[in-house]
Amino acid sequence: MSLVKELDQRHLASIGEELHRFARELYPICRSISGDGIRRTLAMIQDRIPLRTFEVPTGTPVFDWTVPKEWNIRDAYIKAPSGKRIVDFQKSNLHVLNYSSPVHTTMPLSELKPHLFTIPENPDWIPYRTSYYKEDWGFCLSHNQMLALEDGEYEVCIDSTLANGHLTYGECYLPGRSTEEVLISCHACHPSLANDNLSGLVVATSLAQILSGKDLRYSYRFLFIPGTIGAITWLAQNREAAGHIRHGLVLTCLGDAGGFHYKKSRRGNAEIDRSAAHVLRHCGESTEILEFSPFGYDERQYCSPGFDLPVGCVMRSVWGSFPQYHTSADNLDFIRPLQLAGSLRICASILDVLETNRLYRNLNPCCEPQLGRRNLYRSIGGDMVGREINARLWVLNLSDGGHSLLDIAERSGIPFSTISEAADLLCESGLLAVIPCNDGTPTSRGEASHESEATIYRASPSSTGSSRDDGS
Ligand SMILES: [Zn+2]
């Protein structure tokens with residue numbers, strides 16, 4: 001199975017259009033860490049993939065936290081002394097400080113001002129602000145709009161409820177041959193913001209659609225959760241399931257025009273870290289690998305020391321590094337169909353590595369087998385001659401039971417997909433055999449020890465140029 005090959009049979013542009021269309025459908029909903037906005041969002045994802053939703057009651061202790069009151073909102077506005085609505089929740093849900101407690105009163109501008117939030121550096125944009133864990137109320141508006149406010153009495157109304165209820169999250173579990181799992185997690189709590197994080201929601205949903213019904217090596221668990229409190233709640237209530245997570249990715253900020261970033265897991269050299277770094281290195285776009293840090297998205301929780309799960313984070317532009325972050329400018333124009341499709345392709349490439357990374361044994365290890373008489377010293381395309389034959393030689397040489405295909409791809413500098421195709425071909429020719437795991441699932445070695453490689457192998461890692469085969 002190659003997810004990328006399947007994607008490449010379709011037009012990337014039409015995949016991108018589909019992803020963007022779903023983002024457009026989700027965009028108007030006023031989401032938060034609880035309430036009907038996230039429920040409606042999960043229901044729309046449920047129309048596409050087999051998603052189970054869970055409701056965790058307010059007051060439930062989850063490690064050092066407590067599930068908060070549920071927040072719902074119907075309307076909010078500020079009316080000028082003239083009686084005109086000058087800030088209107090119906091026009092943008094970002095106008096309300098997310099999780100605002102209800103209020104309906106009149107007050108002079110001087111009293112209202114401490115409740116107003118703006119971005120002076122970008123005076124036309126509305127900021128996104130929250131107050132989840134401290135009861136407060138407020139409005140967000142453009143700085144220019146605030147500067148235009150005149151003295152007088154203002155009517156302020158936030159028609160919200162903050163009451164005992166539930167925290168809602170969604171989970172899509174796709175069983176594979178192994179009970180070991182790949183976790184794909186994204187936050188679903190931001191209101192009308194596109195890159196952070198409708199882009200993650202639509203890419204994750206599409207990945208689940210692609211994986212659905214396939215013969216999978218790993219089981220896959222997709223989580224659509226409110227940021228921070230959702231991951232903490234899931235981990236608190238699923239400690240046993242968390243023990244099955246072998247690899248994981250947090251998906252966010254995947255629709256902007258920036259190059260890819262991969263933030264490593266706390267472990268730093270987990271198979272997911274190496275797989276993602278390898279895919280990014282060969283993707284042909286500008287990319288950057290970031291070391292783990294204990295701030296960011298929900299990898300913070302998955303990588304807390306009590307769990308230390310191998311979960312990294314895939315992004316295009318890094319949160320907080322682009323001016324549109326957490327503002328009304330992170331809108332549907334800021335995310336682009338082709339960028340969304342490209343992100344889906346990168347995620348699929350990483351999963352392809354996880355699905356096919358295995359240990360093999362060379363069945364003819366004493367000197368090189370004669371590839372020429374097996375018709376393996378011919379390549380399909382002219383430009384690829386060197387690389388395809390080199391890939392076969394690398395696979396034969398390092399398939400001693402101690403090097404996975406990913407080890408070989410890293411060491412040779414050849415893309416994993418080429419190495420994997422070489423292994424398939426060599427297996428068909430009877431020169432190579434996969435080494436099975438005890439549980440019947442073909443094995444892979446995750447965290448490689450390159451020290452041991454260095455002592456055993458002294459061959460040059462160079463892989464460019466065509467190789468010599470004296471047997472041809
Ligand atoms: Zn955010």
# chains A, B, ... in the order shown; residues from 1 in each chain; ligands from 1
>>> residues_around(residues="region 147-153 of chain A", least_positions_apart="5", cutoff="9 Å", atoms="only C-alpha atoms", output="ChimeraX atom specification")
/A:79-81,106-110,142
>>> write_last_selection(atoms="C-alpha atoms", output="PDB file, in the first residue's frame")
ATOM      1  CA  LYS A  79     -24.438  49.490  20.815  1.00  0.00           C
ATOM      2  CA  ALA A  80     -23.165  53.043  20.392  1.00  0.00           C
ATOM      3  CA  PRO A  81     -24.915  55.941  22.174  1.00  0.00           C
ATOM      4  CA  THR A 106     -24.743  50.077  29.872  1.00  0.00           C
ATOM      5  CA  MET A 107     -21.537  51.857  30.782  1.00  0.00           C
ATOM      6  CA  PRO A 108     -19.447  54.858  29.786  1.00  0.00           C
ATOM      7  CA  LEU A 109     -16.614  54.352  27.306  1.00  0.00           C
ATOM      8  CA  SER A 110     -14.000  54.733  30.058  1.00  0.00           C
ATOM      9  CA  SER A 142     -10.092  46.385  15.039  1.00  0.00           C
TER      10      SER A 142
END
>>> residues_near_ligand(ligand="ligand 1", cutoff="8 Å", atoms="only C-alpha atoms and all ligand atoms", output="PyMOL selection string")
chain A and resi 190+196-197+319+325-326
>>> write_last_selection(atoms="N, CA and C atoms", output="PDB file, in the first residue's frame")
ATOM      1  N   HIS A 190     -10.955  26.235  17.934  1.00  0.00           N
ATOM      2  CA  HIS A 190     -10.834  27.640  17.533  1.00  0.00           C
ATOM      3  C   HIS A 190     -12.059  28.042  16.704  1.00  0.00           C
ATOM      4  N   ASP A 196      -4.884  28.025  11.763  1.00  0.00           N
ATOM      5  CA  ASP A 196      -4.885  27.501  13.135  1.00  0.00           C
ATOM      6  C   ASP A 196      -6.344  27.459  13.613  1.00  0.00           C
ATOM      7  N   ASN A 197      -7.170  26.355  13.366  1.00  0.00           N
ATOM      8  CA  ASN A 197      -6.634  25.105  12.948  1.00  0.00           C
ATOM      9  C   ASN A 197      -7.617  24.314  12.081  1.00  0.00           C
ATOM     10  N   TRP A 319       3.260  28.288  14.594  1.00  0.00           N
ATOM     11  CA  TRP A 319       2.328  29.135  15.348  1.00  0.00           C
ATOM     12  C   TRP A 319       3.076  30.348  15.931  1.00  0.00           C
ATOM     13  N   TYR A 325      -1.537  35.008  12.756  1.00  0.00           N
ATOM     14  CA  TYR A 325      -1.818  34.036  13.815  1.00  0.00           C
ATOM     15  C   TYR A 325      -2.762  34.643  14.864  1.00  0.00           C
ATOM     16  N   HIS A 326      -3.830  33.946  15.179  1.00  0.00           N
ATOM     17  CA  HIS A 326      -4.817  34.365  16.186  1.00  0.00           C
ATOM     18  C   HIS A 326      -5.402  35.744  15.889  1.00  0.00           C
TER      19      HIS A 326
END
>>> closest_residue(among="A:Ala236, A:Pro175, A:Thr53, A:Arg274", to="Leu216 (chain A)", atoms="only C-alpha atoms")
A:Pro175
>>> residues_around(residues="region 353-370 of chain A", least_positions_apart="4", cutoff="6 Å", atoms="only C-alpha atoms", output="PDB file with N, CA, C and O atoms, in the first residue's frame")
ATOM      1  N   ARG A 217      -1.140  -1.883   8.557  1.00  0.00           N
ATOM      2  CA  ARG A 217      -0.223  -2.528   9.502  1.00  0.00           C
ATOM      3  C   ARG A 217      -0.535  -2.073  10.929  1.00  0.00           C
ATOM      4  O   ARG A 217      -0.715  -2.887  11.829  1.00  0.00           O
ATOM      5  N   LEU A 396      20.542  -4.594  -0.267  1.00  0.00           N
ATOM      6  CA  LEU A 396      21.214  -5.904  -0.119  1.00  0.00           C
ATOM      7  C   LEU A 396      22.328  -5.813   0.920  1.00  0.00           C
ATOM      8  O   LEU A 396      22.485  -6.688   1.773  1.00  0.00           O
ATOM      9  N   SER A 399      20.811  -5.158   4.638  1.00  0.00           N
ATOM     10  CA  SER A 399      19.744  -6.034   5.150  1.00  0.00           C
ATOM     11  C   SER A 399      20.355  -7.256   5.827  1.00  0.00           C
ATOM     12  O   SER A 399      20.323  -8.374   5.313  1.00  0.00           O
ATOM     13  N   ASP A 400      20.893  -6.981   7.003  1.00  0.00           N
ATOM     14  CA  ASP A 400      21.545  -8.029   7.793  1.00  0.00           C
ATOM     15  C   ASP A 400      20.711  -8.333   9.029  1.00  0.00           C
ATOM     16  O   ASP A 400      21.186  -8.948   9.969  1.00  0.00           O
ATOM     17  N   GLY A 401      19.470  -7.849   9.043  1.00  0.00           N
ATOM     18  CA  GLY A 401      18.609  -8.064  10.203  1.00  0.00           C
ATOM     19  C   GLY A 401      18.758  -6.969  11.238  1.00  0.00           C
ATOM     20  O   GLY A 401      17.994  -6.913  12.194  1.00  0.00           O
ATOM     21  N   SER A 404      16.804  -1.287   9.440  1.00  0.00           N
ATOM     22  CA  SER A 404      15.489  -1.170   8.811  1.00  0.00           C
ATOM     23  C   SER A 404      15.627  -0.435   7.487  1.00  0.00           C
ATOM     24  O   SER A 404      16.676   0.165   7.194  1.00  0.00           O
ATOM     25  N   LEU A 405      14.550  -0.429   6.709  1.00  0.00           N
ATOM     26  CA  LEU A 405      14.576   0.322   5.448  1.00  0.00           C
ATOM     27  C   LEU A 405      14.818   1.806   5.699  1.00  0.00           C
ATOM     28  O   LEU A 405      15.480   2.475   4.913  1.00  0.00           O
ATOM     29  N   LEU A 431      15.908 -12.685  -3.411  1.00  0.00           N
ATOM     30  CA  LEU A 431      17.200 -12.305  -2.820  1.00  0.00           C
ATOM     31  C   LEU A 431      17.059 -11.753  -1.408  1.00  0.00           C
ATOM     32  O   LEU A 431      18.048 -11.569  -0.697  1.00  0.00           O
ATOM     33  N   LEU A 432      15.843 -11.470  -1.015  1.00  0.00           N
ATOM     34  CA  LEU A 432      15.611 -10.772   0.242  1.00  0.00           C
ATOM     35  C   LEU A 432      14.359 -11.343   0.898  1.00  0.00           C
ATOM     36  O   LEU A 432      13.420 -11.741   0.196  1.00  0.00           O
ATOM     37  N   ALA A 433      14.332 -11.374   2.229  1.00  0.00           N
ATOM     38  CA  ALA A 433      13.120 -11.837   2.931  1.00  0.00           C
ATOM     39  C   ALA A 433      12.851 -10.919   4.108  1.00  0.00           C
ATOM     40  O   ALA A 433      13.787 -10.467   4.786  1.00  0.00           O
ATOM     41  N   VAL A 434      11.572 -10.630   4.341  1.00  0.00           N
ATOM     42  CA  VAL A 434      11.206  -9.777   5.468  1.00  0.00           C
ATOM     43  C   VAL A 434      11.365 -10.582   6.757  1.00  0.00           C
ATOM     44  O   VAL A 434      11.143 -11.804   6.776  1.00  0.00           O
ATOM     45  N   ILE A 435      11.792  -9.910   7.806  1.00  0.00           N
ATOM     46  CA  ILE A 435      11.935 -10.576   9.104  1.00  0.00           C
ATOM     47  C   ILE A 435      10.669 -10.293   9.909  1.00  0.00           C
ATOM     48  O   ILE A 435      10.398  -9.140  10.237  1.00  0.00           O
ATOM     49  N   THR A 443       8.341  -6.696  11.326  1.00  0.00           N
ATOM     50  CA  THR A 443       8.977  -5.833  12.313  1.00  0.00           C
ATOM     51  C   THR A 443       9.566  -4.573  11.689  1.00  0.00           C
ATOM     52  O   THR A 443       9.781  -4.491  10.503  1.00  0.00           O
ATOM     53  N   SER A 444       9.811  -3.604  12.526  1.00  0.00           N
ATOM     54  CA  SER A 444      10.647  -2.476  12.130  1.00  0.00           C
ATOM     55  C   SER A 444      11.423  -2.071  13.355  1.00  0.00           C
ATOM     56  O   SER A 444      10.976  -2.263  14.468  1.00  0.00           O
ATOM     57  N   GLY A 471      29.061  -8.068 -11.859  1.00  0.00           N
ATOM     58  CA  GLY A 471      28.319  -9.240 -12.314  1.00  0.00           C
ATOM     59  C   GLY A 471      27.490  -8.973 -13.550  1.00  0.00           C
ATOM     60  O   GLY A 471      26.802  -9.861 -14.036  1.00  0.00           O
TER      61      GLY A 471
END
>>> residues_around(residues="region 278-291 of chain A", least_positions_apart="2", cutoff="7 Å", atoms="only C-alpha atoms", output="JSON, numbers by chain")
{"A": [259, 260, 261, 262, 263, 264, 274, 275, 276, 293, 349, 350, 410, 415]}
>>> residues_around(residues="region 16-23 of chain A", least_positions_apart="3", cutoff="9 Å", atoms="only C-alpha atoms", output="list of chain:residue names")
A:His11, A:Leu12, A:Ala13, A:Leu26, A:Tyr27, A:Ala194, A:Leu198, A:Ser199, A:Leu201, A:Val202, A:Val203, A:Ser206, A:Gly255, A:Leu332, A:Ile335, A:Arg336, A:Pro337, A:Leu338, A:Gln339, A:Leu340, A:Ala341, A:Gly342, A:Leu344
>>> decode(residues="region 16-41 of chain A", atoms="N, CA, C and O atoms", output="JSON list (two decimals), in the first residue's frame")
[["chain", "number", "residue", "atom", "x", "y", "z"],
["A", 16, "GLY", "N", -7.00, 19.62, -3.25],
["A", 16, "GLY", "CA", -6.91, 20.88, -2.51],
["A", 16, "GLY", "C", -8.25, 21.60, -2.46],
["A", 16, "GLY", "O", -8.64, 22.14, -1.42],
["A", 17, "GLU", "N", -8.96, 21.59, -3.59],
["A", 17, "GLU", "CA", -10.28, 22.25, -3.63],
["A", 17, "GLU", "C", -11.24, 21.59, -2.64],
["A", 17, "GLU", "O", -12.00, 22.26, -1.95],
["A", 18, "GLU", "N", -11.21, 20.25, -2.59],
["A", 18, "GLU", "CA", -12.07, 19.51, -1.64],
["A", 18, "GLU", "C", -11.76, 19.90, -0.20],
["A", 18, "GLU", "O", -12.66, 20.11, 0.61],
["A", 19, "LEU", "N", -10.46, 19.95, 0.11],
["A", 19, "LEU", "CA", -10.05, 20.29, 1.47],
["A", 19, "LEU", "C", -10.49, 21.71, 1.82],
["A", 19, "LEU", "O", -11.00, 21.98, 2.91],
["A", 20, "HIS", "N", -10.31, 22.63, 0.87],
["A", 20, "HIS", "CA", -10.67, 24.03, 1.12],
["A", 20, "HIS", "C", -12.18, 24.18, 1.26],
["A", 20, "HIS", "O", -12.66, 24.97, 2.09],
["A", 21, "ARG", "N", -12.92, 23.39, 0.48],
["A", 21, "ARG", "CA", -14.38, 23.46, 0.56],
["A", 21, "ARG", "C", -14.86, 23.05, 1.96],
["A", 21, "ARG", "O", -15.72, 23.68, 2.55],
["A", 22, "PHE", "N", -14.24, 22.00, 2.50],
["A", 22, "PHE", "CA", -14.62, 21.55, 3.85],
["A", 22, "PHE", "C", -14.25, 22.63, 4.88],
["A", 22, "PHE", "O", -15.03, 22.91, 5.79],
["A", 23, "ALA", "N", -13.10, 23.25, 4.70],
["A", 23, "ALA", "CA", -12.72, 24.34, 5.61],
["A", 23, "ALA", "C", -13.74, 25.49, 5.55],
["A", 23, "ALA", "O", -14.10, 26.07, 6.58],
["A", 24, "ARG", "N", -14.23, 25.77, 4.35],
["A", 24, "ARG", "CA", -15.23, 26.84, 4.19],
["A", 24, "ARG", "C", -16.51, 26.50, 4.93],
["A", 24, "ARG", "O", -17.16, 27.36, 5.52],
["A", 25, "GLU", "N", -16.89, 25.21, 4.90],
["A", 25, "GLU", "CA", -18.11, 24.79, 5.61],
["A", 25, "GLU", "C", -17.95, 24.93, 7.12],
["A", 25, "GLU", "O", -18.88, 25.29, 7.84],
["A", 26, "LEU", "N", -16.75, 24.64, 7.61],
["A", 26, "LEU", "CA", -16.52, 24.66, 9.06],
["A", 26, "LEU", "C", -16.27, 26.07, 9.59],
["A", 26, "LEU", "O", -16.48, 26.36, 10.78],
["A", 27, "TYR", "N", -15.81, 26.95, 8.69],
["A", 27, "TYR", "CA", -15.31, 28.26, 9.12],
["A", 27, "TYR", "C", -16.29, 29.09, 9.95],
["A", 27, "TYR", "O", -15.91, 29.65, 10.98],
["A", 28, "PRO", "N", -17.58, 29.20, 9.57],
["A", 28, "PRO", "CA", -18.46, 30.13, 10.29],
["A", 28, "PRO", "C", -18.79, 29.72, 11.73],
["A", 28, "PRO", "O", -19.28, 30.55, 12.50],
["A", 29, "ILE", "N", -18.53, 28.46, 12.10],
["A", 29, "ILE", "CA", -18.99, 27.97, 13.40],
["A", 29, "ILE", "C", -18.19, 28.61, 14.54],
["A", 29, "ILE", "O", -16.97, 28.69, 14.48],
["A", 30, "CYS", "N", -18.90, 29.04, 15.58],
["A", 30, "CYS", "CA", -18.21, 29.59, 16.76],
["A", 30, "CYS", "C", -17.84, 28.43, 17.69],
["A", 30, "CYS", "O", -18.64, 27.99, 18.51],
["A", 31, "ARG", "N", -16.62, 27.95, 17.52],
["A", 31, "ARG", "CA", -16.13, 26.86, 18.36],
["A", 31, "ARG", "C", -15.50, 27.40, 19.64],
["A", 31, "ARG", "O", -15.08, 28.55, 19.71],
["A", 32, "SER", "N", -15.40, 26.52, 20.61],
["A", 32, "SER", "CA", -14.65, 26.83, 21.82],
["A", 32, "SER", "C", -14.22, 25.49, 22.42],
["A", 32, "SER", "O", -14.39, 24.45, 21.78],
["A", 33, "ILE", "N", -13.68, 25.51, 23.64],
["A", 33, "ILE", "CA", -13.21, 24.24, 24.21],
["A", 33, "ILE", "C", -14.36, 23.36, 24.69],
["A", 33, "ILE", "O", -14.14, 22.22, 25.09],
["A", 34, "SER", "N", -15.58, 23.91, 24.69],
["A", 34, "SER", "CA", -16.76, 23.09, 24.97],
["A", 34, "SER", "C", -17.94, 23.75, 24.28],
["A", 34, "SER", "O", -17.82, 24.85, 23.74],
["A", 35, "GLY", "N", -19.09, 23.07, 24.29],
["A", 35, "GLY", "CA", -20.30, 23.70, 23.78],
["A", 35, "GLY", "C", -20.72, 23.20, 22.41],
["A", 35, "GLY", "O", -20.11, 22.31, 21.82],
["A", 36, "ASP", "N", -21.78, 23.82, 21.90],
["A", 36, "ASP", "CA", -22.40, 23.33, 20.67],
["A", 36, "ASP", "C", -21.56, 23.57, 19.42],
["A", 36, "ASP", "O", -21.74, 22.87, 18.42],
["A", 37, "GLY", "N", -20.66, 24.54, 19.47],
["A", 37, "GLY", "CA", -19.80, 24.80, 18.30],
["A", 37, "GLY", "C", -18.92, 23.60, 17.99],
["A", 37, "GLY", "O", -18.81, 23.16, 16.83],
["A", 38, "ILE", "N", -18.29, 23.05, 19.01],
["A", 38, "ILE", "CA", -17.43, 21.88, 18.77],
["A", 38, "ILE", "C", -18.29, 20.66, 18.44],
["A", 38, "ILE", "O", -17.92, 19.84, 17.60],
["A", 39, "ARG", "N", -19.51, 20.58, 19.03],
["A", 39, "ARG", "CA", -20.40, 19.45, 18.69],
["A", 39, "ARG", "C", -20.80, 19.49, 17.21],
["A", 39, "ARG", "O", -20.79, 18.47, 16.53],
["A", 40, "ARG", "N", -21.15, 20.68, 16.73],
["A", 40, "ARG", "CA", -21.54, 20.80, 15.31],
["A", 40, "ARG", "C", -20.36, 20.46, 14.41],
["A", 40, "ARG", "O", -20.50, 19.81, 13.37],
["A", 41, "THR", "N", -19.18, 20.90, 14.81],
["A", 41, "THR", "CA", -17.96, 20.61, 14.04],
["A", 41, "THR", "C", -17.73, 19.10, 13.95],
["A", 41, "THR", "O", -17.48, 18.56, 12.87]]
